[in-house]
Amino acid sequence: MTGERGGPASKDRRRFLASAAAGAAVTVGAAAAPAVAAGVDFPKARGKFGAGGSESGGVSRAEMTLHDCEVEGQLPLDLDGTFYRVGPDAQYPKPKAYEDDIFFDGEGHVSMFRFRNGHVDFTSRYVRNDRWKAQHAARRSLFGYYRNRASDDPSVQNVRRGSHNTHIWVHANRLYALKEDSPPALIHPHTLETLDANYTFGGALTSQTFTAHPKNDPETGEMFAFGYEAKGLGSTDINVFSVGRDGQLKWSAWINAPYCCMLHDFAVTRRHIAFLAIPMAYSPASPVHWAWDSTKQPWLGVMRRGGDGKDIRWVPGPMNMSDHTMGSWSDGDRFYWDMDGADGNRFPFFPHLHDSFDPVKGQARVRRFSMDLSKKRITNFDMQVLYPDVTGALSRQDDRYNVDPYRYGFLVSNTQGKGPGWTMFDHQTRTHRTYHPGPDITLSEAVFAPRRKGAPEADGYLMGMAYFQKENRSEVLVLDTRDITAGPIARVQLPFKATPQIHGNWIPADQLPAV
Ligand code: V55
Ligand code: FE
């Protein structure tokens, strides 16, 4: 997560672990309701949950409706669809004992920019899940550390803690808000009203969890997704499944990870499905569920798509922390998967079990993972850095190519001396171009919008949020992919700072139900 964030939190990891362990031991007492209700007073110190430095640049909390945003430049009149985005936007400050909780634990706040006839309407709403409702009624934070049930207030021990703060996805005319520890929340695509905060496909979903990174197959109309820790926190069980065009659960298989770790994204091709286990592993000693365990090895697991999962081959390989898929494909029995990834932990806010955070090892580059499944014996997976000169995060592609060979990818990059940028890669020529917005402007994830239905791969627009630090407000910048270095063709302006963002998506109007 680079995006709209400040520098890395400068927290003492050991102290964090130690105080967290102590905090966990006194959880129940510490969380008892105060005699005097605390006011809504977010900490000011950078690095504290909800404060200016907790990786997010603070909180927004305001649910907004803005009819007809100011637009500078020329928006194509036929650009018809919605740019959705979501991120953790702390609903309430945490109790003192949990102030060092991480940005990833904020409540999901969804926003949308509806583009039509050269006009753009903006709406933002929190996901009204069980957690949000409980805290709304109590007027305070009731949930402790990220994915740590033991730190929750006694009054919410049986309340779902899913925050739905990571990604939004559209399939079969439905809009989902996603968090990898919970089933999806079903959201109304035009009002952002929460329709079902625990959507289980009519009870058919057996996994307790659902990834934030599904993939759509445009040919079969299926959505592929998975849940990890699918049988409960700490479990190695993975449920991988597809949902048909009709919105019904279609195919399901169960596999096991080599150890319980963060399986944030995955790969789906026409023939294969793959997972990368990384040493961001479950640790009961960590207050925030995960810890970087340098004694563990990454493993790549590849299985046949549509099978029962028994054929999965887990193979070890070089140390890395890769999490976001740029693209993946199969060429016969050969499987290829591009991700942005680093040589070590890239999230300084998760504790280390055996070493300490290394900012050099935390720098990510685009890597290509591959496995030749025709071989009887495979001793290790292959990993190659494709563009050594570009560091960045939040890989994306033209999502119409999720399961097919692809040529173009996008990244939020960072260039020494030039600051943040959006980089577009052409894997065929192994070249790249970068748009740099200039000083004091930070960029969120860039998403791709096809120029029109059936446009060639990556022909269209690249858009995303830019935060203008000096003016403390945000804009959606719209670039033409024919030359992103030319700068925005249009700027959709908000007179305020946008809600924090993890991921977003452009959804063409023909994939949404009529208003
Ligand atoms: C990520 C983000 C999350 C999370 C786990 O980008 C992984 C990775 C915003 O929450 O819970
Ligand atoms: Fe993600």
# chains A, B, ... in the order shown; residues from 1 in each chain; ligands from 1
$ residues_near_ligand --ligand "ligand 1" --cutoff "8 Å" --atoms "only C-alpha atoms and all ligand atoms" --output "number ranges by chain"
A: 1, 87-88, 103-106, 146, 165-166, 179-181, 262, 264, 323-324, 502
$ residues_near_ligand --ligand "ligand 2" --cutoff "12 Å" --atoms "only C-alpha atoms and all ligand atoms" --output "PyMOL selection string"
chain A and resi 1-3+86-87+104+165-169+178-180+211-214+262-266+322-326+339-340+393-396+445+501-505
$ atom_distance --atom1 "CA of Gln363 (chain A)" --atom2 "CA of His432 (chain A)"
18.3 Å
$ select_by_dssp --residues "region 68-284 of chain A" --states "alpha helix (DSSP H)" --output "list in words"
Asp130, Arg131, Trp132, Lys133, Ala134, Gln135, His136, Ala137 and Ala138 of chain A
$ closest_residue --among "A:Thr481, A:Ser286, A:Ser474, A:Thr206" --to "Asp398 (chain A)" --atoms "only C-alpha atoms"
A:Thr481
$ residues_around --residues "Lys361 (chain A)" --least-positions-apart "3" --cutoff "12 Å" --atoms "only C-alpha atoms" --output "list in words"
Met319, Asn320, Met321, Ser322, Gly341, Ala342, Asp343, Gly344, Asn345, Arg346, Phe347, Pro348, Ser356, Phe357, Asp358, Ala364, Arg365 and Thr391 of chain A
$ closest_residue --among "A:Met371, A:Leu494, A:Phe275, A:Met463" --to "His67 (chain A)" --atoms "only C-alpha atoms"
A:Leu494
$ closest_residue --among "A:His109, A:His289, A:Arg46, A:Arg368" --to "Phe350 (chain A)" --atoms "only C-alpha atoms"
A:His289
$ atom_distance --atom1 "CA of Asn402 (chain A)" --atom2 "CA of Trp329 (chain A)"
8.3 Å
$ residues_around --residues "Tyr461 (chain A)" --least-positions-apart "3" --cutoff "9 Å" --atoms "only C-alpha atoms" --output "PyMOL selection string"
chain A and resi 447-451+458+478-482+484
$ closest_residue --among "A:Thr65, A:Trp290, A:Arg139, A:Lys296" --to "Ile278 (chain A)" --atoms "only C-alpha atoms"
A:Lys296
$ atom_distance --atom1 "CA of Thr442 (chain A)" --atom2 "CA of Ala498 (chain A)"
12.0 Å
$ residues_around --residues "Phe226 (chain A)" --least-positions-apart "4" --cutoff "6 Å" --atoms "only C-alpha atoms" --output "list in words"
Phe210, Thr211, Asn239, Val240 and Phe241 of chain A
$ write_last_selection --atoms "N, CA and C atoms" --output "CSV table (one decimal), in the first residue's frame"
chain,number,residue,atom,x,y,z
A,210,PHE,N,-13.4,-14.8,2.4
A,210,PHE,CA,-13.5,-14.6,0.9
A,210,PHE,C,-12.5,-13.5,0.6
A,211,THR,N,-11.7,-13.8,-0.4
A,211,THR,CA,-10.6,-13.0,-0.8
A,211,THR,C,-11.0,-11.6,-1.2
A,239,ASN,N,-10.4,-22.7,0.6
A,239,ASN,CA,-11.5,-23.1,-0.2
A,239,ASN,C,-11.4,-22.2,-1.5
A,240,VAL,N,-11.3,-22.9,-2.6
A,240,VAL,CA,-11.3,-22.1,-3.9
A,240,VAL,C,-12.5,-22.5,-4.7
A,241,PHE,N,-13.2,-21.5,-5.3
A,241,PHE,CA,-14.5,-21.8,-5.9
A,241,PHE,C,-14.7,-20.8,-7.1
$ closest_residue --among "A:Arg147, A:Lys418, A:Trp337, A:Ser155" --to "Ser283 (chain A)" --atoms "only C-alpha atoms"
A:Arg147
$ closest_residue --among "A:Tyr282, A:Val288, A:Ile312, A:Ala486" --to "Ala150 (chain A)" --atoms "only C-alpha atoms"
A:Val288
$ residues_around --residues "Val170 (chain A)" --least-positions-apart "2" --cutoff "12 Å" --atoms "only C-alpha atoms" --output "count of residues only"
42
$ residues_around --residues "Arg161 (chain A)" --least-positions-apart "2" --cutoff "8 Å" --atoms "only C-alpha atoms" --output "list in words"
Asp130, Arg131, Phe143, Arg147, Val159 and Ser163 of chain A
$ select_by_dssp --residues "region 21-171 of chain A" --states "strand (DSSP E)" --output "ChimeraX atom specification"
/A:65-66,70-73,81-88,108-116,119-126,167-171
$ write_last_selection --atoms "C-alpha atoms" --output "compact mmCIF listing (two decimals), in the first residue's frame"
# COMPACT_ATOMS: atom_id res chain seq x y z
CA THR A 65 -23.01 13.31 -1.78
CA LEU A 66 -21.74 15.72 -4.41
CA GLU A 70 -16.10 20.29 -10.92
CA VAL A 71 -14.25 18.86 -13.93
CA GLU A 72 -11.20 20.49 -15.49
CA GLY A 73 -10.22 19.43 -19.00
CA GLY A 81 -19.46 3.87 -15.93
CA THR A 82 -18.41 4.14 -12.31
CA PHE A 83 -15.07 4.40 -10.57
CA TYR A 84 -15.56 2.65 -7.22
CA ARG A 85 -13.01 2.70 -4.44
CA VAL A 86 -12.78 1.58 -0.81
CA GLY A 87 -10.42 1.90 2.11
CA PRO A 88 -10.10 1.78 5.90
CA GLY A 108 -14.62 0.13 5.14
CA HIS A 109 -15.76 3.37 3.50
CA VAL A 110 -16.84 2.94 -0.14
CA SER A 111 -17.00 5.81 -2.60
CA MET A 112 -17.99 6.13 -6.22
CA PHE A 113 -17.59 8.54 -9.10
CA ARG A 114 -20.41 8.02 -11.59
CA PHE A 115 -19.25 9.19 -15.05
CA ARG A 116 -21.94 9.90 -17.64
CA HIS A 119 -20.61 14.73 -15.83
CA VAL A 120 -19.43 13.06 -12.64
CA ASP A 121 -21.47 12.54 -9.47
CA PHE A 122 -19.75 11.57 -6.22
CA THR A 123 -21.16 9.49 -3.36
CA SER A 124 -19.46 7.93 -0.34
CA ARG A 125 -20.93 5.61 2.32
CA TYR A 126 -19.56 3.39 5.04
CA HIS A 167 -11.55 -4.00 -2.46
CA ILE A 168 -14.78 -3.76 -4.42
CA TRP A 169 -15.67 -6.15 -7.21
CA VAL A 170 -18.53 -6.53 -9.68
CA HIS A 171 -19.80 -9.83 -11.05
$ decode --residues "region 59-75 of chain A" --atoms "all heavy atoms" --output "JSON list (two decimals), in the first residue's frame"
[["chain", "number", "residue", "atom", "x", "y", "z"],
["A", 59, "VAL", "N", -8.21, 10.26, 8.95],
["A", 59, "VAL", "CA", -9.55, 9.75, 8.69],
["A", 59, "VAL", "C", -10.39, 10.81, 8.00],
["A", 59, "VAL", "O", -10.08, 12.00, 8.06],
["A", 59, "VAL", "CB", -10.25, 9.33, 10.01],
["A", 59, "VAL", "CG1", -9.55, 8.13, 10.62],
["A", 59, "VAL", "CG2", -10.29, 10.48, 11.00],
["A", 60, "SER", "N", -11.46, 10.37, 7.35],
["A", 60, "SER", "CA", -12.41, 11.29, 6.73],
["A", 60, "SER", "C", -13.72, 11.25, 7.52],
["A", 60, "SER", "O", -14.17, 12.23, 8.07],
["A", 60, "SER", "CB", -12.63, 10.90, 5.28],
["A", 60, "SER", "OG", -13.83, 11.45, 4.79],
["A", 61, "ARG", "N", -14.33, 10.05, 7.58],
["A", 61, "ARG", "CA", -15.54, 9.75, 8.35],
["A", 61, "ARG", "C", -16.80, 10.37, 7.78],
["A", 61, "ARG", "O", -17.90, 9.92, 8.08],
["A", 61, "ARG", "CB", -15.37, 10.15, 9.82],
["A", 61, "ARG", "CG", -14.20, 9.46, 10.50],
["A", 61, "ARG", "CD", -14.00, 9.93, 11.91],
["A", 61, "ARG", "NE", -14.97, 9.41, 12.83],
["A", 61, "ARG", "CZ", -15.68, 10.17, 13.67],
["A", 61, "ARG", "NH1", -15.52, 11.46, 13.70],
["A", 61, "ARG", "NH2", -16.53, 9.61, 14.49],
["A", 62, "ALA", "N", -16.71, 11.42, 6.99],
["A", 62, "ALA", "CA", -17.90, 12.08, 6.47],
["A", 62, "ALA", "C", -18.44, 11.33, 5.26],
["A", 62, "ALA", "O", -17.70, 11.08, 4.31],
["A", 62, "ALA", "CB", -17.57, 13.52, 6.09],
["A", 63, "GLU", "N", -19.71, 10.98, 5.30],
["A", 63, "GLU", "CA", -20.35, 10.35, 4.14],
["A", 63, "GLU", "C", -20.91, 11.45, 3.27],
["A", 63, "GLU", "O", -21.71, 12.27, 3.72],
["A", 63, "GLU", "CB", -21.45, 9.40, 4.62],
["A", 63, "GLU", "CG", -20.88, 8.28, 5.48],
["A", 63, "GLU", "CD", -21.95, 7.34, 6.00],
["A", 63, "GLU", "OE1", -22.77, 7.79, 6.80],
["A", 63, "GLU", "OE2", -21.97, 6.18, 5.56],
["A", 64, "MET", "N", -20.47, 11.47, 2.00],
["A", 64, "MET", "CA", -20.72, 12.64, 1.17],
["A", 64, "MET", "C", -21.60, 12.32, -0.05],
["A", 64, "MET", "O", -21.60, 11.20, -0.55],
["A", 64, "MET", "CB", -19.39, 13.20, 0.64],
["A", 64, "MET", "CG", -18.37, 13.50, 1.72],
["A", 64, "MET", "SD", -18.88, 14.82, 2.81],
["A", 64, "MET", "CE", -17.98, 16.17, 2.09],
["A", 65, "THR", "N", -22.30, 13.34, -0.50],
["A", 65, "THR", "CA", -23.01, 13.31, -1.78],
["A", 65, "THR", "C", -22.67, 14.61, -2.48],
["A", 65, "THR", "O", -22.88, 15.67, -1.92],
["A", 65, "THR", "CB", -24.55, 13.23, -1.55],
["A", 65, "THR", "OG1", -24.83, 12.08, -0.77],
["A", 65, "THR", "CG2", -25.28, 13.14, -2.87],
["A", 66, "LEU", "N", -22.09, 14.50, -3.67],
["A", 66, "LEU", "CA", -21.74, 15.72, -4.41],
["A", 66, "LEU", "C", -22.24, 15.55, -5.84],
["A", 66, "LEU", "O", -21.66, 14.79, -6.61],
["A", 66, "LEU", "CB", -20.22, 15.95, -4.38],
["A", 66, "LEU", "CG", -19.72, 17.36, -4.64],
["A", 66, "LEU", "CD1", -18.22, 17.46, -4.39],
["A", 66, "LEU", "CD2", -20.05, 17.88, -6.02],
["A", 67, "HIS", "N", -23.33, 16.24, -6.15],
["A", 67, "HIS", "CA", -23.91, 16.16, -7.48],
["A", 67, "HIS", "C", -23.12, 17.06, -8.42],
["A", 67, "HIS", "O", -22.98, 18.25, -8.13],
["A", 67, "HIS", "CB", -25.39, 16.58, -7.42],
["A", 67, "HIS", "CG", -26.13, 16.29, -8.68],
["A", 67, "HIS", "ND1", -26.45, 15.02, -9.07],
["A", 67, "HIS", "CD2", -26.61, 17.11, -9.64],
["A", 67, "HIS", "CE1", -27.10, 15.07, -10.22],
["A", 67, "HIS", "NE2", -27.20, 16.33, -10.59],
["A", 68, "ASP", "N", -22.60, 16.50, -9.50],
["A", 68, "ASP", "CA", -21.85, 17.25, -10.50],
["A", 68, "ASP", "C", -20.54, 17.85, -9.95],
["A", 68, "ASP", "O", -20.48, 19.03, -9.60],
["A", 68, "ASP", "CB", -22.70, 18.38, -11.11],
["A", 68, "ASP", "CG", -23.00, 18.10, -12.58],
["A", 68, "ASP", "OD1", -22.16, 17.46, -13.25],
["A", 68, "ASP", "OD2", -24.07, 18.51, -13.05],
["A", 69, "CYS", "N", -19.53, 17.05, -9.89],
["A", 69, "CYS", "CA", -18.21, 17.52, -9.48],
["A", 69, "CYS", "C", -17.68, 18.54, -10.49],
["A", 69, "CYS", "O", -18.03, 18.49, -11.67],
["A", 69, "CYS", "CB", -17.21, 16.36, -9.43],
["A", 69, "CYS", "SG", -17.59, 15.10, -8.21],
["A", 70, "GLU", "N", -16.81, 19.40, -10.02],
["A", 70, "GLU", "CA", -16.10, 20.29, -10.92],
["A", 70, "GLU", "C", -15.14, 19.44, -11.76],
["A", 70, "GLU", "O", -14.44, 18.59, -11.20],
["A", 70, "GLU", "CB", -15.31, 21.29, -10.10],
["A", 70, "GLU", "CG", -15.29, 22.68, -10.67],
["A", 70, "GLU", "CD", -14.59, 23.66, -9.73],
["A", 70, "GLU", "OE1", -15.01, 23.76, -8.56],
["A", 70, "GLU", "OE2", -13.64, 24.30, -10.19],
["A", 71, "VAL", "N", -15.14, 19.63, -13.07],
["A", 71, "VAL", "CA", -14.25, 18.86, -13.93],
["A", 71, "VAL", "C", -13.42, 19.82, -14.77],
["A", 71, "VAL", "O", -13.97, 20.67, -15.48],
["A", 71, "VAL", "CB", -15.04, 17.92, -14.87],
["A", 71, "VAL", "CG1", -14.09, 17.15, -15.79],
["A", 71, "VAL", "CG2", -15.90, 16.94, -14.07],
["A", 72, "GLU", "N", -12.11, 19.70, -14.65],
["A", 72, "GLU", "CA", -11.20, 20.49, -15.49],
["A", 72, "GLU", "C", -10.76, 19.63, -16.65],
["A", 72, "GLU", "O", -10.49, 18.44, -16.48],
["A", 72, "GLU", "CB", -9.96, 20.88, -14.68],
["A", 72, "GLU", "CG", -9.79, 22.36, -14.51],
["A", 72, "GLU", "CD", -8.55, 22.70, -13.71],
["A", 72, "GLU", "OE1", -7.45, 22.21, -14.08],
["A", 72, "GLU", "OE2", -8.68, 23.44, -12.73],
["A", 73, "GLY", "N", -10.66, 20.21, -17.85],
["A", 73, "GLY", "CA", -10.22, 19.43, -19.00],
["A", 73, "GLY", "C", -11.40, 18.82, -19.74],
["A", 73, "GLY", "O", -12.54, 19.24, -19.56],
["A", 74, "GLN", "N", -11.11, 17.83, -20.57],
["A", 74, "GLN", "CA", -12.12, 17.26, -21.46],
["A", 74, "GLN", "C", -12.40, 15.81, -21.11],
["A", 74, "GLN", "O", -11.59, 14.94, -21.38],
["A", 74, "GLN", "CB", -11.63, 17.36, -22.92],
["A", 74, "GLN", "CG", -11.61, 18.77, -23.46],
["A", 74, "GLN", "CD", -13.00, 19.41, -23.46],
["A", 74, "GLN", "OE1", -13.96, 18.80, -23.89],
["A", 74, "GLN", "NE2", -13.09, 20.63, -22.96],
["A", 75, "LEU", "N", -13.57, 15.56, -20.52],
["A", 75, "LEU", "CA", -13.96, 14.17, -20.26],
["A", 75, "LEU", "C", -14.65, 13.64, -21.51],
["A", 75, "LEU", "O", -15.57, 14.28, -22.02],
["A", 75, "LEU", "CB", -14.97, 14.12, -19.12],
["A", 75, "LEU", "CG", -14.50, 13.76, -17.72],
["A", 75, "LEU", "CD1", -15.70, 13.61, -16.80],
["A", 75, "LEU", "CD2", -13.67, 12.48, -17.72]]
